[in-house]
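Asker: Compact mmCIF, C-alpha atoms, saved as my_file.txt, coming up:
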# COMPACT_ATOMS: atom_id res chain seq x y z
CA MET K 672 91.40 68.38 116.79
CA GLY K 673 93.55 69.11 119.89
CA GLN K 674 92.44 71.11 122.88
CA PRO K 675 93.40 74.83 122.95
CA SER K 676 96.45 75.65 125.06
CA GLU K 677 96.22 77.47 128.39
CA ASN K 678 97.90 80.50 126.78
CA ALA K 679 95.33 80.56 123.98
CA ILE K 680 92.48 80.34 126.50
CA GLU K 681 94.00 83.14 128.57
CA ARG K 682 94.47 85.36 125.50
CA HIS K 683 90.85 84.74 124.50
CA LYS K 684 89.67 85.58 128.02
CA LEU K 685 91.66 88.83 127.99
CA ARG K 686 90.25 89.76 124.57
CA MET K 687 86.70 89.16 125.79
CA GLU K 688 87.31 91.22 128.93
CA ARG K 689 88.70 94.08 126.87
CA GLU K 690 85.75 93.96 124.44
CA THR K 691 83.32 94.05 127.35
CA TYR K 692 85.15 97.02 128.83
CA LEU K 693 85.08 98.91 125.53
CA LYS K 694 81.34 98.33 125.16
CA GLU K 695 80.56 99.51 128.69
CA THR K 696 82.75 102.61 128.83
CA THR K 697 82.09 105.96 127.20
CA MET K 698 85.80 106.66 126.95
CA PRO K 699 86.85 107.54 123.36
CA LEU K 700 88.88 104.90 121.53
CA ASP K 701 91.55 107.47 120.67
CA GLY K 702 92.44 107.73 124.33
CA ILE K 703 92.73 103.95 124.69
CA ASP K 704 94.60 103.21 121.48
CA LYS K 705 97.44 105.58 122.35
CA GLY K 706 98.43 103.44 125.34
CA LYS K 707 98.23 104.29 129.01
CA ILE K 708 95.53 106.86 129.79
CA GLU K 709 94.93 109.17 132.69
CA GLY K 710 92.94 107.48 135.42
CA GLU K 711 94.00 103.97 134.46
CA THR K 712 92.92 101.40 137.06
CA GLU K 713 94.89 98.33 138.09
CA GLU K 714 92.49 96.15 136.13
CA MET K 715 92.99 98.31 133.04
CA ARG K 716 96.76 98.24 133.54
CA ALA K 717 96.74 94.44 133.70
CA LEU K 718 94.70 94.26 130.49
CA ARG K 719 96.97 96.74 128.72
CA GLU K 720 100.13 94.93 129.73
CA ALA K 721 98.72 91.49 128.87
CA ASN K 722 97.54 92.68 125.45
CA THR K 723 100.93 94.26 124.79
CA GLU K 724 102.73 91.08 125.83
CA ALA K 725 100.52 88.89 123.61
CA ALA K 726 100.83 91.12 120.53
CA PRO K 727 103.64 90.51 117.99
CA PRO K 728 106.08 93.40 117.66
CA ALA K 729 106.03 95.69 114.64
CA GLN K 730 108.84 95.38 112.09
CA PHE K 731 110.64 98.45 110.80
CA PHE K 732 112.40 98.27 107.45
CA LYS K 733 113.95 100.44 104.79
CA LEU K 734 114.41 100.07 101.06
CA ARG K 735 118.04 100.24 99.95
CA ALA K 736 119.73 98.23 97.22
CA GLU K 737 123.01 98.22 95.33
CA LEU K 738 122.55 98.87 91.61
CA LEU K 739 123.76 96.23 89.17
CA GLU K 740 125.75 96.19 85.97
CA GLN K 741 124.59 92.63 85.29
CA GLY K 742 122.23 90.10 86.84
CA ARG K 743 119.52 90.51 89.44
CA SER K 744 119.25 90.73 93.21
CA ASN K 745 116.44 89.90 95.60
CA GLN K 746 116.40 90.87 99.28
CA ARG K 747 113.70 90.10 101.84
CA VAL K 748 113.15 93.27 103.85
CA ALA K 749 110.19 92.24 106.04
CA ASP K 750 108.30 89.02 106.75
CA THR K 751 105.42 88.12 109.07
CA GLY K 752 105.01 84.56 107.80
CA ASN K 753 101.69 85.50 106.18
CA MET K 754 102.95 88.55 104.27
CA TRP K 755 106.43 89.41 103.04
CA VAL K 756 108.17 92.25 101.23
CA ASN K 757 111.06 91.90 98.79
CA LEU K 758 113.17 94.53 97.04
CA LYS K 759 114.38 93.34 93.64
CA VAL K 760 116.90 94.88 91.24
CA TYR K 761 117.39 93.86 87.60
CA ALA K 762 120.20 95.19 85.43
CA SER K 763 118.32 93.77 82.44
CA GLY K 764 116.05 90.85 81.65
CA GLY K 765 113.54 89.80 84.28
CA GLU K 766 111.44 86.70 84.87
CA ASN K 767 111.40 85.54 81.29
CA GLY K 768 109.18 82.45 81.43
CA LEU K 769 105.41 82.65 81.91
CA HIS K 770 104.73 81.23 85.36
CA ASN K 771 102.35 81.44 88.29
CA HIS K 772 102.43 81.13 92.07
CA THR K 773 99.91 78.77 93.61
CA ASP K 774 100.40 79.72 97.26
CA GLN K 775 100.23 83.52 97.30
CA ASP K 776 98.61 86.68 96.01
CA HIS K 777 101.25 89.28 95.21
CA PHE K 778 101.98 92.51 93.44
CA HIS K 779 104.96 94.15 91.78
CA LEU K 780 105.38 97.92 92.11
CA VAL K 781 107.97 99.64 89.93
CA LEU K 782 110.12 102.03 91.98
CA GLY K 783 112.78 102.76 89.36
CA GLY K 784 113.28 102.08 85.65
CA LYS K 785 110.54 100.43 83.61
CA ALA K 786 109.14 96.91 83.31
CA CYS K 787 107.05 95.32 80.59
CA PHE K 788 104.61 92.79 82.02
CA HIS K 789 103.08 90.06 79.84
CA GLY K 790 100.14 87.70 80.35
CA PRO K 791 99.10 84.46 78.59
CA ARG K 792 96.22 86.09 76.69
CA GLY K 793 98.34 88.69 74.92
CA GLU K 794 98.32 91.18 77.78
CA GLU K 795 101.23 93.62 77.62
CA LYS K 796 101.80 96.71 79.72
CA ILE K 797 104.87 98.88 80.31
CA CYS K 798 104.92 100.19 83.87
CA GLY K 799 107.07 103.07 85.05
CA PRO K 800 107.73 104.33 88.58
CA TYR K 801 104.78 103.97 90.96
CA GLU K 802 102.87 101.72 88.57
CA GLY K 803 102.45 98.00 89.02
CA ILE K 804 100.54 94.77 88.62
CA MET K 805 98.38 92.75 91.03
CA LEU K 806 98.53 88.97 90.58
CA PRO K 807 96.01 86.65 92.25
CA SER K 808 97.22 83.17 93.15
CA GLY K 809 97.48 81.06 89.99
CA SER K 810 97.72 84.03 87.58
CA TYR K 811 100.35 83.56 84.84
CA TYR K 812 102.75 86.38 83.99
CA ARG K 813 106.28 87.29 83.04
CA PHE K 814 108.19 90.57 82.80
CA GLU K 815 111.43 92.12 81.67
CA ALA K 816 113.26 95.37 82.25
CA VAL K 817 112.99 97.88 79.42
CA GLY K 818 115.00 101.04 78.91
CA GLU K 819 118.50 101.93 80.01
CA ASP K 820 117.96 102.34 83.76
CA PRO K 821 118.08 99.40 86.19
CA LEU K 822 114.67 98.03 87.11
CA ILE K 823 113.83 98.31 90.81
CA LEU K 824 110.73 96.45 92.00
CA LEU K 825 108.92 96.20 95.28
CA ARG K 826 107.31 92.77 95.56
CA VAL K 827 104.69 92.25 98.28
CA ALA K 828 103.04 88.86 98.76
CA ALA K 829 100.35 87.45 101.04
CA LYS K 830 100.05 83.74 101.79
CA THR K 831 97.06 81.84 100.41
CA ASP K 832 96.04 78.20 100.59
CA GLN K 833 98.27 76.31 98.15
CA THR K 834 96.14 74.98 95.29
CA GLU K 835 98.72 72.67 93.70
CA GLU K 836 101.55 70.37 94.79
CA HIS K 837 104.27 72.88 93.83
CA PRO K 838 104.29 76.62 94.54
CA ARG K 839 105.30 77.68 90.99
CA TYR K 840 104.48 76.31 87.53
CA ASN K 841 105.25 77.25 83.95
CA ILE K 842 102.48 77.62 81.37
CA TYR K 843 102.68 73.88 80.54
CA GLY K 844 101.99 72.87 84.13
CA LYS K 845 105.59 71.89 84.92
CA PRO K 846 107.20 72.96 88.22
CA LEU K 847 109.44 76.00 87.70
CA PRO K 848 112.05 76.69 90.41
CA SER K 849 112.97 80.38 90.52
CA HIS K 850 116.71 79.83 89.92
CA LEU K 851 116.28 78.21 86.47
CA LYS K 852 117.45 79.98 83.32
CA GLU K 853 113.88 79.79 82.00
CA ASN K 854 112.90 82.13 84.82
CA GLY K 855 115.80 84.52 84.32
CA GLY K 856 118.13 82.89 86.84
CA GLU K 857 121.70 81.58 86.53
CA ILE K 858 123.13 84.99 85.54
CA GLU K 859 126.32 86.23 87.20
CA ILE K 860 125.75 89.28 89.40
CA ILE K 861 128.06 92.22 88.70
CA PRO K 862 127.34 95.20 91.00
CA ARG K 863 127.86 98.86 90.25
CA THR K 864 130.27 99.22 93.13
CA GLY K 865 129.28 102.04 95.44
CA GLU K 866 126.06 102.90 93.56
CA PHE K 867 122.92 102.50 95.61
CA TRP K 868 119.23 103.25 95.32
CA GLY K 869 116.90 104.11 98.17
CA ALA K 870 117.27 105.00 101.83
CA ALA K 871 120.50 106.11 103.45
CA GLU K 872 122.61 103.38 105.00
Take the structure in this file and express it as structure tokens.
Answerer:
Amino acid sequence: MGQPSENAIERHKLRMERETYLKETTMPLDGIDKGKIEGETEEMRALREANTEAAPPAQFFKLRAELLEQGRSNQRVADTGNMWVNLKVYASGGENGLHNHTDQDHFHLVLGGKACFHGPRGEEKICGPYEGIMLPSGSYYRFEAVGEDPLILLRVAAKTDQTEEHPRYNIYGKPLPSHLKENGGEIEIIPRTGEFWGAAE
């Protein structure tokens, strides 16, 4: 194992100094968490600025997608590397082959239309808006859009340790790339020109 970098050591030192300060002071956390406080000392300012510099920035995003006459779309709207958010639109169909993901926990939340989710043990559930399914890493599932309205899904995933060689398998243990017809891919996308769902542009 390599030695920690000077930056990592410095960040750890700053964290320890801040924790010591928080334990010793009677100042309420609300006052500290909002940023600069009245009576801030130079030492406190240095800690605040160093912590701010070391922290990753927040990501703002909005959910907006063009509706489809045919096919499906998938846009990544936020990504930290450990967690990511996708907005998916299906004119019809879905992910038609039972499959799993071996490197992530994830959920699907229906935002528009309806989806019927299926599991390998006969599970079947139709989910409407603001209903969804949580899928631990390795859990098999498939789904399809049902009804006349386009299916709009929010997909949120969190990285886990990969348990197999490939990130996705079908129910027979064969790798299943997402673009294959078995998984609902290879369908021409035809948009409903000018029709959008979600936030303003």
Asker: Residues near Lys845 of chain K, anyone? I mean within 12 Å using all atoms listed in the file, not counting same-chain ones fewer than 5 positions away, as a compact mmCIF listing (two decimals) with C-alpha atoms, in the coordinates of the input.
Answerer:
# COMPACT_ATOMS: atom_id res chain seq x y z
CA GLY K 768 109.18 82.45 81.43
CA LEU K 769 105.41 82.65 81.91
CA HIS K 770 104.73 81.23 85.36
CA ASN K 771 102.35 81.44 88.29
CA GLU K 835 98.72 72.67 93.70
CA GLU K 836 101.55 70.37 94.79
CA HIS K 837 104.27 72.88 93.83
CA PRO K 838 104.29 76.62 94.54
CA ARG K 839 105.30 77.68 90.99
CA TYR K 840 104.48 76.31 87.53
CA GLU K 853 113.88 79.79 82.00
Asker: Ala786 of chain K: which residues within 10 Å, counting all atoms listed in the file, same-chain residues fewer than 3 positions away excluded, as a list in words?
Answerer: Tyr761, Ser763, Gly764, Gly765, His779, Leu780, Val781, Gly783, His789, Lys796, Ile797, Cys798, Gly799, Pro800, Glu802, Gly803, Phe814, Glu815, Ala816, Val817, Gly818, Pro821, Leu822, Ile823 and Leu824 of chain K
Asker: So what do you get for atom CA of Gly809 of chain K versus atom CA of Ala749 of chain K, distance-wise?
Answerer: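 Interatomic distance, atom CA of Gly809 of chain K to atom CA of Ala749 of chain K: 23.3 Å.
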Asker: I'd like a table as a Markdown table: residues in segment 774-807 of chain K with an atom no more than 10 Å from segment 752-756 of chain K, each row giving the shortest atom pair and its distance in Å to one decimal, only C-alpha atoms counted, sorted by chain and rising residue number.
Answerer:
| residue | atom | partner | partner_atom | distance |
| --- | --- | --- | --- | --- |
| K:Gln775 | CA | K:Met754 | CA | 9.0 |
| K:Asp776 | CA | K:Met754 | CA | 9.5 |
| K:His777 | CA | K:Met754 | CA | 9.2 |
| K:Phe778 | CA | K:Val756 | CA | 10.0 |
Asker: I need every residue sitting at most 6 Å from the point (120.5, 89.8, 86.7) (coordinates as in the file, all atoms listed in the file considered), written as JSON, numbers by chain.
Answerer: {"K": [741, 742, 743, 761, 762, 858, 860]}
Asker: Counting all atoms listed in the file, note down every residue that has an atom within 8 Å of the point (110.3, 92.1, 103.8) (file coordinates), as a list in words.
Answerer: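 Output of the proximity query reads Phe732, Gln746, Arg747, Val748, Ala749, Asp750, Trp755, Val756, Asn757, Leu758 and Val827 of chain K.
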Asker: Rounded to one decimal in Å, what is the spacing between atom CA of Lys733 of chain K and atom CA of Ala828 of chain K?
Answerer: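 Those two atoms sit 17.0 Å apart.
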Asker: What is the atom CA of Thr834 of chain K to atom CA of Met805 of chain K distance in Å?
Answerer: 18.4 Å
Asker: Step by step, gather every atom of segment 821-838 of chain K that the file lists, find the box along x, y and z that holds them, add 4 Å on each side, and finally give centre and edge lengths in Å to one decimal, as JSON.
Answerer:
{"center_x": 107.1, "center_y": 84.9, "center_z": 94.0, "size_x": 30.0, "size_y": 37.0, "size_z": 23.6}
Asker: Which is closest to Leu782 of chain K among K:Pro848, K:Pro862, K:Gly706, K:Gly869, if we use only C-alpha atoms?
Answerer: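 Between K:Pro848, K:Pro862, K:Gly706, K:Gly869, the residue approaching Leu782 of chain K most closely is K:Gly869.
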Asker: Ranking K:Lys707, K:Leu718, K:Ser808, K:Pro846 by minimum distance to Asp774 of chain K and counting all atoms listed in the file, which one comes first?
Answerer: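 Looking only at the distances to Asp774 of chain K, the closest residue turns out to be K:Ser808.
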